[in-house]
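K.L.:
upload30.cif is reproduced below (mmCIF, C-alpha atoms; chains and numbers go by the auth columns).
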data_work
#
loop_
_atom_site.group_PDB
_atom_site.id
_atom_site.type_symbol
_atom_site.label_atom_id
_atom_site.label_comp_id
_atom_site.label_asym_id
_atom_site.label_seq_id
_atom_site.Cartn_x
_atom_site.Cartn_y
_atom_site.Cartn_z
_atom_site.B_iso_or_equiv
_atom_site.auth_seq_id
_atom_site.auth_asym_id
ATOM 1 C CA SER A 1 0.000 0.000 0.000 0.00 59 K
ATOM 2 C CA GLN A 2 1.214 3.526 -0.649 0.00 60 K
ATOM 3 C CA GLN A 3 2.311 5.680 2.246 0.00 61 K
ATOM 4 C CA GLY A 4 1.975 9.030 0.553 0.00 62 K
ATOM 5 C CA GLU A 5 -0.821 10.694 -1.283 0.00 63 K
ATOM 6 C CA GLU A 6 -0.094 13.712 -3.425 0.00 64 K
ATOM 7 C CA ASP A 7 -2.389 16.574 -4.147 0.00 65 K
ATOM 8 C CA PRO A 8 -3.256 17.698 -6.730 0.00 66 K
ATOM 9 C CA GLN A 9 -2.986 14.736 -9.085 0.00 67 K
ATOM 10 C CA ALA A 10 -2.343 17.112 -11.964 0.00 68 K
ATOM 11 C CA LEU A 11 -1.384 20.778 -12.222 0.00 69 K
ATOM 12 C CA SER A 12 -1.093 23.037 -15.252 0.00 70 K
ATOM 13 C CA ILE A 13 0.519 26.468 -15.038 0.00 71 K
ATOM 14 C CA GLN A 14 2.234 29.079 -17.186 0.00 72 K
ATOM 15 C CA GLU A 15 5.982 29.637 -17.196 0.00 73 K
ATOM 16 C CA GLY A 16 6.995 32.031 -14.454 0.00 74 K
ATOM 17 C CA GLU A 17 4.228 30.984 -12.086 0.00 75 K
ATOM 18 C CA ASN A 18 4.828 29.077 -8.881 0.00 76 K
ATOM 19 C CA ALA A 19 3.775 25.445 -8.497 0.00 77 K
ATOM 20 C CA THR A 20 2.809 23.940 -5.157 0.00 78 K
ATOM 21 C CA MET A 21 2.381 20.235 -4.555 0.00 79 K
ATOM 22 C CA ASN A 22 1.296 18.617 -1.322 0.00 80 K
ATOM 23 C CA CYS A 23 1.988 15.223 0.187 0.00 81 K
ATOM 24 C CA SER A 24 0.313 13.477 3.093 0.00 82 K
ATOM 25 C CA TYR A 25 1.604 10.332 4.738 0.00 83 K
ATOM 26 C CA LYS A 26 0.453 7.925 7.390 0.00 84 K
ATOM 27 C CA THR A 27 3.188 6.822 9.782 0.00 85 K
ATOM 28 C CA SER A 28 6.162 8.282 11.658 0.00 86 K
ATOM 29 C CA ILE A 29 9.226 8.933 9.542 0.00 87 K
ATOM 30 C CA ASN A 30 12.932 9.671 9.750 0.00 88 K
ATOM 31 C CA ASN A 31 12.899 11.775 6.629 0.00 89 K
ATOM 32 C CA LEU A 32 10.840 12.687 3.578 0.00 90 K
ATOM 33 C CA GLN A 33 12.181 13.006 0.058 0.00 91 K
ATOM 34 C CA TRP A 34 10.927 14.489 -3.178 0.00 92 K
ATOM 35 C CA TYR A 35 11.705 13.050 -6.603 0.00 93 K
ATOM 36 C CA ARG A 36 11.025 14.117 -10.182 0.00 94 K
ATOM 37 C CA GLN A 37 10.283 11.805 -13.083 0.00 95 K
ATOM 38 C CA ASN A 38 10.405 12.996 -16.673 0.00 96 K
ATOM 39 C CA SER A 39 8.332 11.027 -19.139 0.00 97 K
ATOM 40 C CA GLY A 40 9.958 7.691 -19.966 0.00 98 K
ATOM 41 C CA ARG A 41 12.775 8.158 -17.469 0.00 99 K
ATOM 42 C CA GLY A 42 13.778 6.996 -14.004 0.00 100 K
ATOM 43 C CA LEU A 43 13.164 9.058 -10.903 0.00 101 K
ATOM 44 C CA VAL A 44 15.648 11.736 -9.905 0.00 102 K
ATOM 45 C CA HIS A 45 16.146 12.814 -6.310 0.00 103 K
ATOM 46 C CA LEU A 46 15.430 16.503 -5.653 0.00 104 K
ATOM 47 C CA ILE A 47 15.632 17.102 -1.926 0.00 105 K
ATOM 48 C CA LEU A 48 15.570 15.350 1.456 0.00 106 K
ATOM 49 C CA ILE A 49 14.123 16.886 4.612 0.00 107 K
ATOM 50 C CA ARG A 50 14.648 15.305 8.014 0.00 108 K
ATOM 51 C CA SER A 51 11.840 14.861 10.508 0.00 109 K
ATOM 52 C CA ASN A 52 13.363 17.509 12.803 0.00 110 K
ATOM 53 C CA GLU A 53 13.463 20.108 10.021 0.00 111 K
ATOM 54 C CA ARG A 54 10.538 22.322 9.091 0.00 112 K
ATOM 55 C CA GLU A 55 11.745 23.924 5.891 0.00 113 K
ATOM 56 C CA LYS A 56 14.491 23.416 3.359 0.00 114 K
ATOM 57 C CA HIS A 57 15.558 25.235 0.203 0.00 115 K
ATOM 58 C CA SER A 58 17.457 24.130 -2.863 0.00 116 K
ATOM 59 C CA GLY A 59 17.638 26.584 -5.752 0.00 117 K
ATOM 60 C CA ARG A 60 14.052 27.235 -6.886 0.00 118 K
ATOM 61 C CA LEU A 61 12.720 24.464 -4.658 0.00 119 K
ATOM 62 C CA ARG A 62 11.260 24.990 -1.205 0.00 120 K
ATOM 63 C CA VAL A 63 10.086 22.067 0.881 0.00 121 K
ATOM 64 C CA THR A 64 8.154 22.231 4.131 0.00 122 K
ATOM 65 C CA LEU A 65 7.405 19.452 6.563 0.00 123 K
ATOM 66 C CA ASP A 66 4.760 19.357 9.280 0.00 124 K
ATOM 67 C CA THR A 67 5.141 16.129 11.225 0.00 125 K
ATOM 68 C CA SER A 68 2.160 16.916 13.451 0.00 126 K
ATOM 69 C CA LYS A 69 -0.065 16.927 10.376 0.00 127 K
ATOM 70 C CA LYS A 70 1.976 14.281 8.557 0.00 128 K
ATOM 71 C CA SER A 71 2.224 16.479 5.515 0.00 129 K
ATOM 72 C CA SER A 72 4.782 18.123 3.270 0.00 130 K
ATOM 73 C CA SER A 73 4.706 20.596 0.432 0.00 131 K
ATOM 74 C CA LEU A 74 7.003 21.218 -2.507 0.00 132 K
ATOM 75 C CA LEU A 75 7.081 24.705 -4.008 0.00 133 K
ATOM 76 C CA ILE A 76 8.751 25.355 -7.339 0.00 134 K
ATOM 77 C CA THR A 77 9.193 29.066 -7.890 0.00 135 K
ATOM 78 C CA ALA A 78 9.393 30.805 -11.265 0.00 136 K
ATOM 79 C CA SER A 79 8.550 27.606 -13.103 0.00 137 K
ATOM 80 C CA ARG A 80 10.001 26.760 -16.505 0.00 138 K
ATOM 81 C CA ALA A 81 8.777 24.520 -19.297 0.00 139 K
ATOM 82 C CA ALA A 82 11.626 22.153 -18.379 0.00 140 K
ATOM 83 C CA ASP A 83 9.978 21.595 -14.974 0.00 141 K
ATOM 84 C CA THR A 84 7.236 19.627 -16.731 0.00 142 K
ATOM 85 C CA ALA A 85 7.362 16.198 -15.081 0.00 143 K
ATOM 86 C CA SER A 86 5.749 14.056 -12.395 0.00 144 K
ATOM 87 C CA TYR A 87 6.754 14.773 -8.818 0.00 145 K
ATOM 88 C CA PHE A 88 6.683 12.179 -6.056 0.00 146 K
ATOM 89 C CA CYS A 89 7.124 12.353 -2.340 0.00 147 K
ATOM 90 C CA ALA A 90 8.716 9.378 -0.600 0.00 148 K
ATOM 91 C CA THR A 91 8.841 8.542 3.066 0.00 149 K
ATOM 92 C CA ASP A 92 10.943 6.008 4.854 0.00 150 K
ATOM 93 C CA ILE A 93 9.628 3.436 7.272 0.00 151 K
ATOM 94 C CA LEU A 94 11.144 3.627 10.737 0.00 152 K
ATOM 95 C CA ASN A 95 13.825 1.011 11.389 0.00 153 K
ATOM 96 C CA THR A 96 14.094 0.167 7.704 0.00 154 K
ATOM 97 C CA ASP A 97 15.969 1.643 4.789 0.00 155 K
ATOM 98 C CA LYS A 98 13.173 1.460 2.278 0.00 156 K
ATOM 99 C CA LEU A 99 11.092 4.252 0.783 0.00 157 K
ATOM 100 C CA ILE A 100 7.390 4.252 0.076 0.00 158 K
ATOM 101 C CA PHE A 101 6.422 6.517 -2.798 0.00 159 K
ATOM 102 C CA GLY A 102 3.284 8.579 -3.126 0.00 160 K
ATOM 103 C CA THR A 103 0.937 8.665 -6.058 0.00 161 K
ATOM 104 C CA GLY A 104 2.598 11.642 -7.726 0.00 162 K
ATOM 105 C CA THR A 105 1.582 15.017 -9.140 0.00 163 K
ATOM 106 C CA ARG A 106 1.803 15.563 -12.883 0.00 164 K
ATOM 107 C CA LEU A 107 2.994 19.110 -13.527 0.00 165 K
ATOM 108 C CA GLN A 108 2.629 20.729 -16.925 0.00 166 K
ATOM 109 C CA VAL A 109 4.309 24.090 -17.446 0.00 167 K
ATOM 110 C CA PHE A 110 3.263 25.910 -20.599 0.00 168 K
ATOM 111 C CA PRO A 111 5.721 28.294 -22.270 0.00 169 K
ATOM 112 C CA ASP B 1 30.194 7.139 -12.736 0.00 162 D
ATOM 113 C CA ALA B 2 27.695 5.865 -15.313 0.00 163 D
ATOM 114 C CA GLY B 3 24.867 5.683 -12.809 0.00 164 D
ATOM 115 C CA VAL B 4 22.576 2.699 -12.368 0.00 165 D
ATOM 116 C CA ILE B 5 22.512 0.584 -15.496 0.00 166 D
ATOM 117 C CA GLN B 6 19.570 -1.587 -16.484 0.00 167 D
ATOM 118 C CA SER B 7 19.119 -3.971 -19.353 0.00 168 D
ATOM 119 C CA PRO B 8 17.287 -4.512 -21.528 0.00 169 D
ATOM 120 C CA ARG B 9 15.544 -1.152 -21.902 0.00 170 D
ATOM 121 C CA HIS B 10 12.586 -2.760 -23.613 0.00 171 D
ATOM 122 C CA GLU B 11 11.375 -6.340 -23.554 0.00 172 D
ATOM 123 C CA VAL B 12 8.449 -7.796 -25.419 0.00 173 D
ATOM 124 C CA THR B 13 7.637 -11.405 -24.736 0.00 174 D
ATOM 125 C CA GLU B 14 4.798 -13.852 -24.903 0.00 175 D
ATOM 126 C CA MET B 15 2.830 -15.147 -21.977 0.00 176 D
ATOM 127 C CA GLY B 16 4.517 -18.111 -20.360 0.00 177 D
ATOM 128 C CA GLN B 17 8.043 -17.117 -21.293 0.00 178 D
ATOM 129 C CA GLU B 18 10.798 -16.468 -18.779 0.00 179 D
ATOM 130 C CA VAL B 19 11.940 -12.875 -18.439 0.00 180 D
ATOM 131 C CA THR B 20 15.198 -11.754 -16.840 0.00 181 D
ATOM 132 C CA LEU B 21 15.870 -8.112 -16.023 0.00 182 D
ATOM 133 C CA ARG B 22 19.361 -6.982 -15.106 0.00 183 D
ATOM 134 C CA CYS B 23 20.767 -4.200 -12.988 0.00 184 D
ATOM 135 C CA LYS B 24 24.206 -2.837 -12.215 0.00 185 D
ATOM 136 C CA PRO B 25 24.115 -0.477 -9.213 0.00 186 D
ATOM 137 C CA ILE B 26 26.426 2.450 -8.608 0.00 187 D
ATOM 138 C CA SER B 27 29.780 1.229 -7.390 0.00 188 D
ATOM 139 C CA GLY B 28 30.101 1.423 -3.618 0.00 189 D
ATOM 140 C CA HIS B 29 26.405 1.613 -2.897 0.00 190 D
ATOM 141 C CA ASP B 30 25.159 -0.615 -0.091 0.00 191 D
ATOM 142 C CA TYR B 31 21.513 -0.979 -1.084 0.00 192 D
ATOM 143 C CA LEU B 32 19.763 -2.157 -4.216 0.00 193 D
ATOM 144 C CA PHE B 33 16.028 -1.841 -4.773 0.00 194 D
ATOM 145 C CA TRP B 34 13.680 -3.267 -7.405 0.00 195 D
ATOM 146 C CA TYR B 35 10.462 -1.350 -8.155 0.00 196 D
ATOM 147 C CA ARG B 36 7.548 -1.835 -10.519 0.00 197 D
ATOM 148 C CA GLN B 37 5.593 1.125 -11.919 0.00 198 D
ATOM 149 C CA THR B 38 2.141 0.922 -13.477 0.00 199 D
ATOM 150 C CA MET B 39 -0.582 3.483 -14.040 0.00 200 D
ATOM 151 C CA MET B 40 -2.955 1.575 -11.794 0.00 201 D
ATOM 152 C CA ARG B 41 -0.688 0.854 -8.843 0.00 202 D
ATOM 153 C CA GLY B 42 1.970 3.541 -9.076 0.00 203 D
ATOM 154 C CA LEU B 43 5.513 2.792 -7.941 0.00 204 D
ATOM 155 C CA GLU B 44 5.740 -0.367 -5.844 0.00 205 D
ATOM 156 C CA LEU B 45 8.789 -1.680 -4.016 0.00 206 D
ATOM 157 C CA LEU B 46 9.271 -5.342 -4.872 0.00 207 D
ATOM 158 C CA ILE B 47 12.420 -6.288 -2.968 0.00 208 D
ATOM 159 C CA TYR B 48 15.584 -4.736 -1.626 0.00 209 D
ATOM 160 C CA PHE B 49 19.074 -5.922 -0.774 0.00 210 D
ATOM 161 C CA ASN B 50 21.691 -4.689 1.672 0.00 211 D
ATOM 162 C CA ASN B 51 25.259 -5.788 0.950 0.00 212 D
ATOM 163 C CA ASN B 52 23.920 -8.400 -1.488 0.00 213 D
ATOM 164 C CA VAL B 53 21.554 -9.934 1.085 0.00 214 D
ATOM 165 C CA PRO B 54 17.768 -9.754 0.521 0.00 215 D
ATOM 166 C CA ILE B 55 16.242 -7.793 3.395 0.00 216 D
ATOM 167 C CA ASP B 56 12.583 -7.446 2.482 0.00 217 D
ATOM 168 C CA ASP B 57 10.803 -9.261 -0.325 0.00 218 D
ATOM 169 C CA SER B 58 7.290 -8.633 0.941 0.00 219 D
ATOM 170 C CA GLY B 59 6.475 -6.680 -2.194 0.00 220 D
ATOM 171 C CA MET B 60 7.181 -9.540 -4.569 0.00 221 D
ATOM 172 C CA PRO B 61 3.749 -10.309 -5.994 0.00 222 D
ATOM 173 C CA GLU B 62 3.967 -14.070 -6.405 0.00 223 D
ATOM 174 C CA ASP B 63 6.287 -17.024 -6.537 0.00 224 D
ATOM 175 C CA ARG B 64 6.694 -16.378 -10.233 0.00 225 D
ATOM 176 C CA PHE B 65 8.962 -13.494 -9.265 0.00 226 D
ATOM 177 C CA SER B 66 12.472 -14.026 -7.938 0.00 227 D
ATOM 178 C CA ALA B 67 15.478 -11.760 -7.456 0.00 228 D
ATOM 179 C CA LYS B 68 19.136 -12.421 -6.848 0.00 229 D
ATOM 180 C CA MET B 69 22.223 -10.392 -6.136 0.00 230 D
ATOM 181 C CA PRO B 70 25.227 -12.668 -6.589 0.00 231 D
ATOM 182 C CA ASN B 71 27.718 -9.844 -6.051 0.00 232 D
ATOM 183 C CA ALA B 72 27.870 -6.132 -5.290 0.00 233 D
ATOM 184 C CA SER B 73 27.753 -5.097 -8.934 0.00 234 D
ATOM 185 C CA PHE B 74 24.932 -7.185 -10.344 0.00 235 D
ATOM 186 C CA SER B 75 21.338 -8.124 -9.656 0.00 236 D
ATOM 187 C CA THR B 76 18.617 -9.888 -11.600 0.00 237 D
ATOM 188 C CA LEU B 77 14.839 -9.933 -11.389 0.00 238 D
ATOM 189 C CA LYS B 78 13.285 -12.969 -12.997 0.00 239 D
ATOM 190 C CA ILE B 79 9.672 -13.663 -13.881 0.00 240 D
ATOM 191 C CA GLN B 80 8.809 -17.236 -14.752 0.00 241 D
ATOM 192 C CA PRO B 81 6.325 -17.775 -16.256 0.00 242 D
ATOM 193 C CA SER B 82 5.388 -14.265 -17.336 0.00 243 D
ATOM 194 C CA GLU B 83 1.767 -13.107 -17.620 0.00 244 D
ATOM 195 C CA PRO B 84 0.189 -10.096 -19.361 0.00 245 D
ATOM 196 C CA ARG B 85 -0.519 -8.457 -15.975 0.00 246 D
ATOM 197 C CA ASP B 86 3.236 -8.306 -15.380 0.00 247 D
ATOM 198 C CA SER B 87 3.489 -5.641 -18.080 0.00 248 D
ATOM 199 C CA ALA B 88 5.007 -2.579 -16.413 0.00 249 D
ATOM 200 C CA VAL B 89 8.163 -0.525 -16.141 0.00 250 D
ATOM 201 C CA TYR B 90 10.648 -2.112 -13.755 0.00 251 D
ATOM 202 C CA PHE B 91 13.179 0.146 -12.069 0.00 252 D
ATOM 203 C CA CYS B 92 16.329 -0.664 -10.205 0.00 253 D
ATOM 204 C CA ALA B 93 17.743 1.861 -7.726 0.00 254 D
ATOM 205 C CA SER B 94 20.743 1.957 -5.413 0.00 255 D
ATOM 206 C CA SER B 95 21.759 3.998 -2.407 0.00 256 D
ATOM 207 C CA LEU B 96 24.340 4.434 0.305 0.00 257 D
ATOM 208 C CA ASP B 97 23.713 3.518 3.931 0.00 258 D
ATOM 209 C CA ARG B 98 22.765 6.452 6.182 0.00 259 D
ATOM 210 C CA ARG B 99 23.859 4.408 9.181 0.00 260 D
ATOM 211 C CA GLY B 100 20.594 4.333 11.053 0.00 261 D
ATOM 212 C CA ARG B 101 19.464 7.820 10.119 0.00 262 D
ATOM 213 C CA GLY B 102 16.719 6.654 7.802 0.00 263 D
ATOM 214 C CA ALA B 103 16.548 5.887 4.120 0.00 264 D
ATOM 215 C CA ASN B 104 19.006 7.685 1.896 0.00 265 D
ATOM 216 C CA GLU B 105 18.692 9.304 -1.494 0.00 266 D
ATOM 217 C CA GLN B 106 18.104 6.652 -4.134 0.00 267 D
ATOM 218 C CA PHE B 107 19.581 6.710 -7.618 0.00 268 D
ATOM 219 C CA PHE B 108 17.322 5.172 -10.227 0.00 269 D
ATOM 220 C CA GLY B 109 18.169 3.429 -13.443 0.00 270 D
ATOM 221 C CA PRO B 110 16.337 4.236 -16.694 0.00 271 D
ATOM 222 C CA GLY B 111 13.983 1.287 -16.262 0.00 272 D
ATOM 223 C CA THR B 112 12.985 -1.718 -18.346 0.00 273 D
ATOM 224 C CA ARG B 113 9.649 -1.486 -20.104 0.00 274 D
ATOM 225 C CA LEU B 114 8.202 -5.003 -20.126 0.00 275 D
ATOM 226 C CA THR B 115 5.317 -5.985 -22.346 0.00 276 D
ATOM 227 C CA VAL B 116 3.883 -9.475 -22.016 0.00 277 D
ATOM 228 C CA LEU B 117 1.553 -10.397 -24.865 0.00 278 D
#
Reformat the file's structure so that it appears as structure tokens.

P.N.:
Amino acid sequence: SQQGEEDPQALSIQEGENATMNCSYKTSINNLQWYRQNSGRGLVHLILIRSNEREKHSGRLRVTLDTSKKSSSLLITASRAADTASYFCATDILNTDKLIFGTGTRLQVFP
Amino acid sequence: DAGVIQSPRHEVTEMGQEVTLRCKPISGHDYLFWYRQTMMRGLELLIYFNNNVPIDDSGMPEDRFSAKMPNASFSTLKIQPSEPRDSAVYFCASSLDRRGRGANEQFFGPGTRLTVL
């Protein structure tokens, strides 16, 4: 069963706009990760946020984590057409080294 | 480093045939994961290895599926006999050990697109 559920399932925006994706999960975690998947490709790691962190930045990416609500958000600022992809959150299971991936958000950025 | 390497990239076979998917993880990585991705079920973890030892195979759907890791640089996922419902993209990923601090960043291969007719 999937740990994470992403919202929205699909998002369409214009270049230059910001894109926000949300992830909810079910159990306690050590960390939460976000990945991107371009069509026909493998997943690529974007950012990892630990359970004791609330916010993290990497370039145009901003990730927040609220462990009390078991939720996270990924913000992509000043989006570009090249950001078009599916985005997945992934959470680990305590005392294991495996990740459980969410259902993903398909982002379409129009030039 | 060439990243995680998977072969073949595409496989078309007939129901009942044996299928073998191959993976070469990134050198030095401690963990190897096999995933299956479908539209209906999303990305599912099938099995993972730590230092060549299978740790959790609870995601393997049936006895028709088996995975091995004979050494640190090679793993196989075998389906015998294959069925049309096995059609999916199969990914291999590898990662380093975070030494008890939770799961680490995973590096994915390009995937094998399997079609079983």

K.L.:
Might you spell out which residues the PyMOL selection byres ((chain K) within 12 of (chain D)) would select in the displayed file, as a PyMOL selection string?

P.N.:
chain K and resi 59-64+86-110+144+146-163

K.L.:
Residue by residue, what does the PyMOL selection byres ((chain D and resi 276) around 10) grab here? Present the result as a list in words.

P.N.:
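That expression, the PyMOL selection byres ((chain D and resi 276) around 10), corresponds here to His171, Glu172, Val173, Thr174, Glu175, Met176, Ser243, Glu244, Pro245, Arg246, Asp247, Ser248, Ala249, Val250, Thr273, Arg274, Leu275, Val277 and Leu278 of chain D.
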
K.L.:
Between atom CA of D:Pro231 and atom CA of D:Gly189, what is the spacing in Å?

P.N.:
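Computed distance, atom CA of D:Gly189 to atom CA of D:Pro231, equals 15.2 Å.
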
K.L.:
Neighbours of K:Arg120 within 10 Å (all atoms listed in the file; same-chain residues fewer than 4 positions away dropped), as an mmCIF file with C-alpha atoms, keeping the file's coordinate frame?

P.N.:
data_model
loop_
_atom_site.group_PDB
_atom_site.id
_atom_site.type_symbol
_atom_site.label_atom_id
_atom_site.label_comp_id
_atom_site.auth_asym_id
_atom_site.auth_seq_id
_atom_site.Cartn_x
_atom_site.Cartn_y
_atom_site.Cartn_z
ATOM 1 C CA THR K 78 2.809 23.940 -5.157
ATOM 2 C CA ILE K 105 15.632 17.102 -1.926
ATOM 3 C CA GLU K 113 11.745 23.924 5.891
ATOM 4 C CA LYS K 114 14.491 23.416 3.359
ATOM 5 C CA HIS K 115 15.558 25.235 0.203
ATOM 6 C CA SER K 116 17.457 24.130 -2.863
ATOM 7 C CA SER K 131 4.706 20.596 0.432
ATOM 8 C CA LEU K 132 7.003 21.218 -2.507
ATOM 9 C CA LEU K 133 7.081 24.705 -4.008
ATOM 10 C CA ILE K 134 8.751 25.355 -7.339
ATOM 11 C CA THR K 135 9.193 29.066 -7.890
#

K.L.:
So, counting all atoms listed in the file, which residue among D:Thr199, D:Leu238, D:Arg170, D:Cys184 is closest to D:Asp218?

P.N.:
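Selected residue with least distance to D:Asp218: D:Leu238.
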
K.L.:
Could you give me, as an MDAnalysis selection string, the residues within 7 Å of D:Pro242, counting only C-alpha atoms and dropping anything in the same chain fewer than 4 positions from it?

P.N.:
chainID D and resid 177:179 225

K.L.:
Just to confirm, what's the straight-line distance from atom CA of D:Ser255 to atom CA of D:Phe226 in Å (one decimal)?

P.N.:
19.8 Å

K.L.:
Suppose you want the space between atom CA of D:Gln167 and atom CA of K:Leu119; what is it in Å?

P.N.:
29.4 Å

K.L.:
Find the smallest box with edges along x, y and z containing every listed atom of stretch 181-200 of chain D, then add 3 Å on each side and report centre and edge lengths in Å to one decimal, as AutoDock Vina command-line options.

P.N.:
--center_x 14.8 --center_y -4.1 --center_z -8.5 --size_x 36.7 --size_y 21.2 --size_z 22.7

K.L.:
From the list D:Leu207, D:Ala163, D:Ile240, D:Met230, which residue is nearest D:Asp191 when using all atoms listed in the file?

P.N.:
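Residue with the minimum atom-to-atom distance to D:Asp191: D:Met230.
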
K.L.:
Could you list, as number ranges by chain, every residue matched by the PyMOL selection byres ((chain K and resi 65-73) around 7) in this structure?

P.N.:
K: 63-64, 74-75, 79-81, 136-139, 162-169
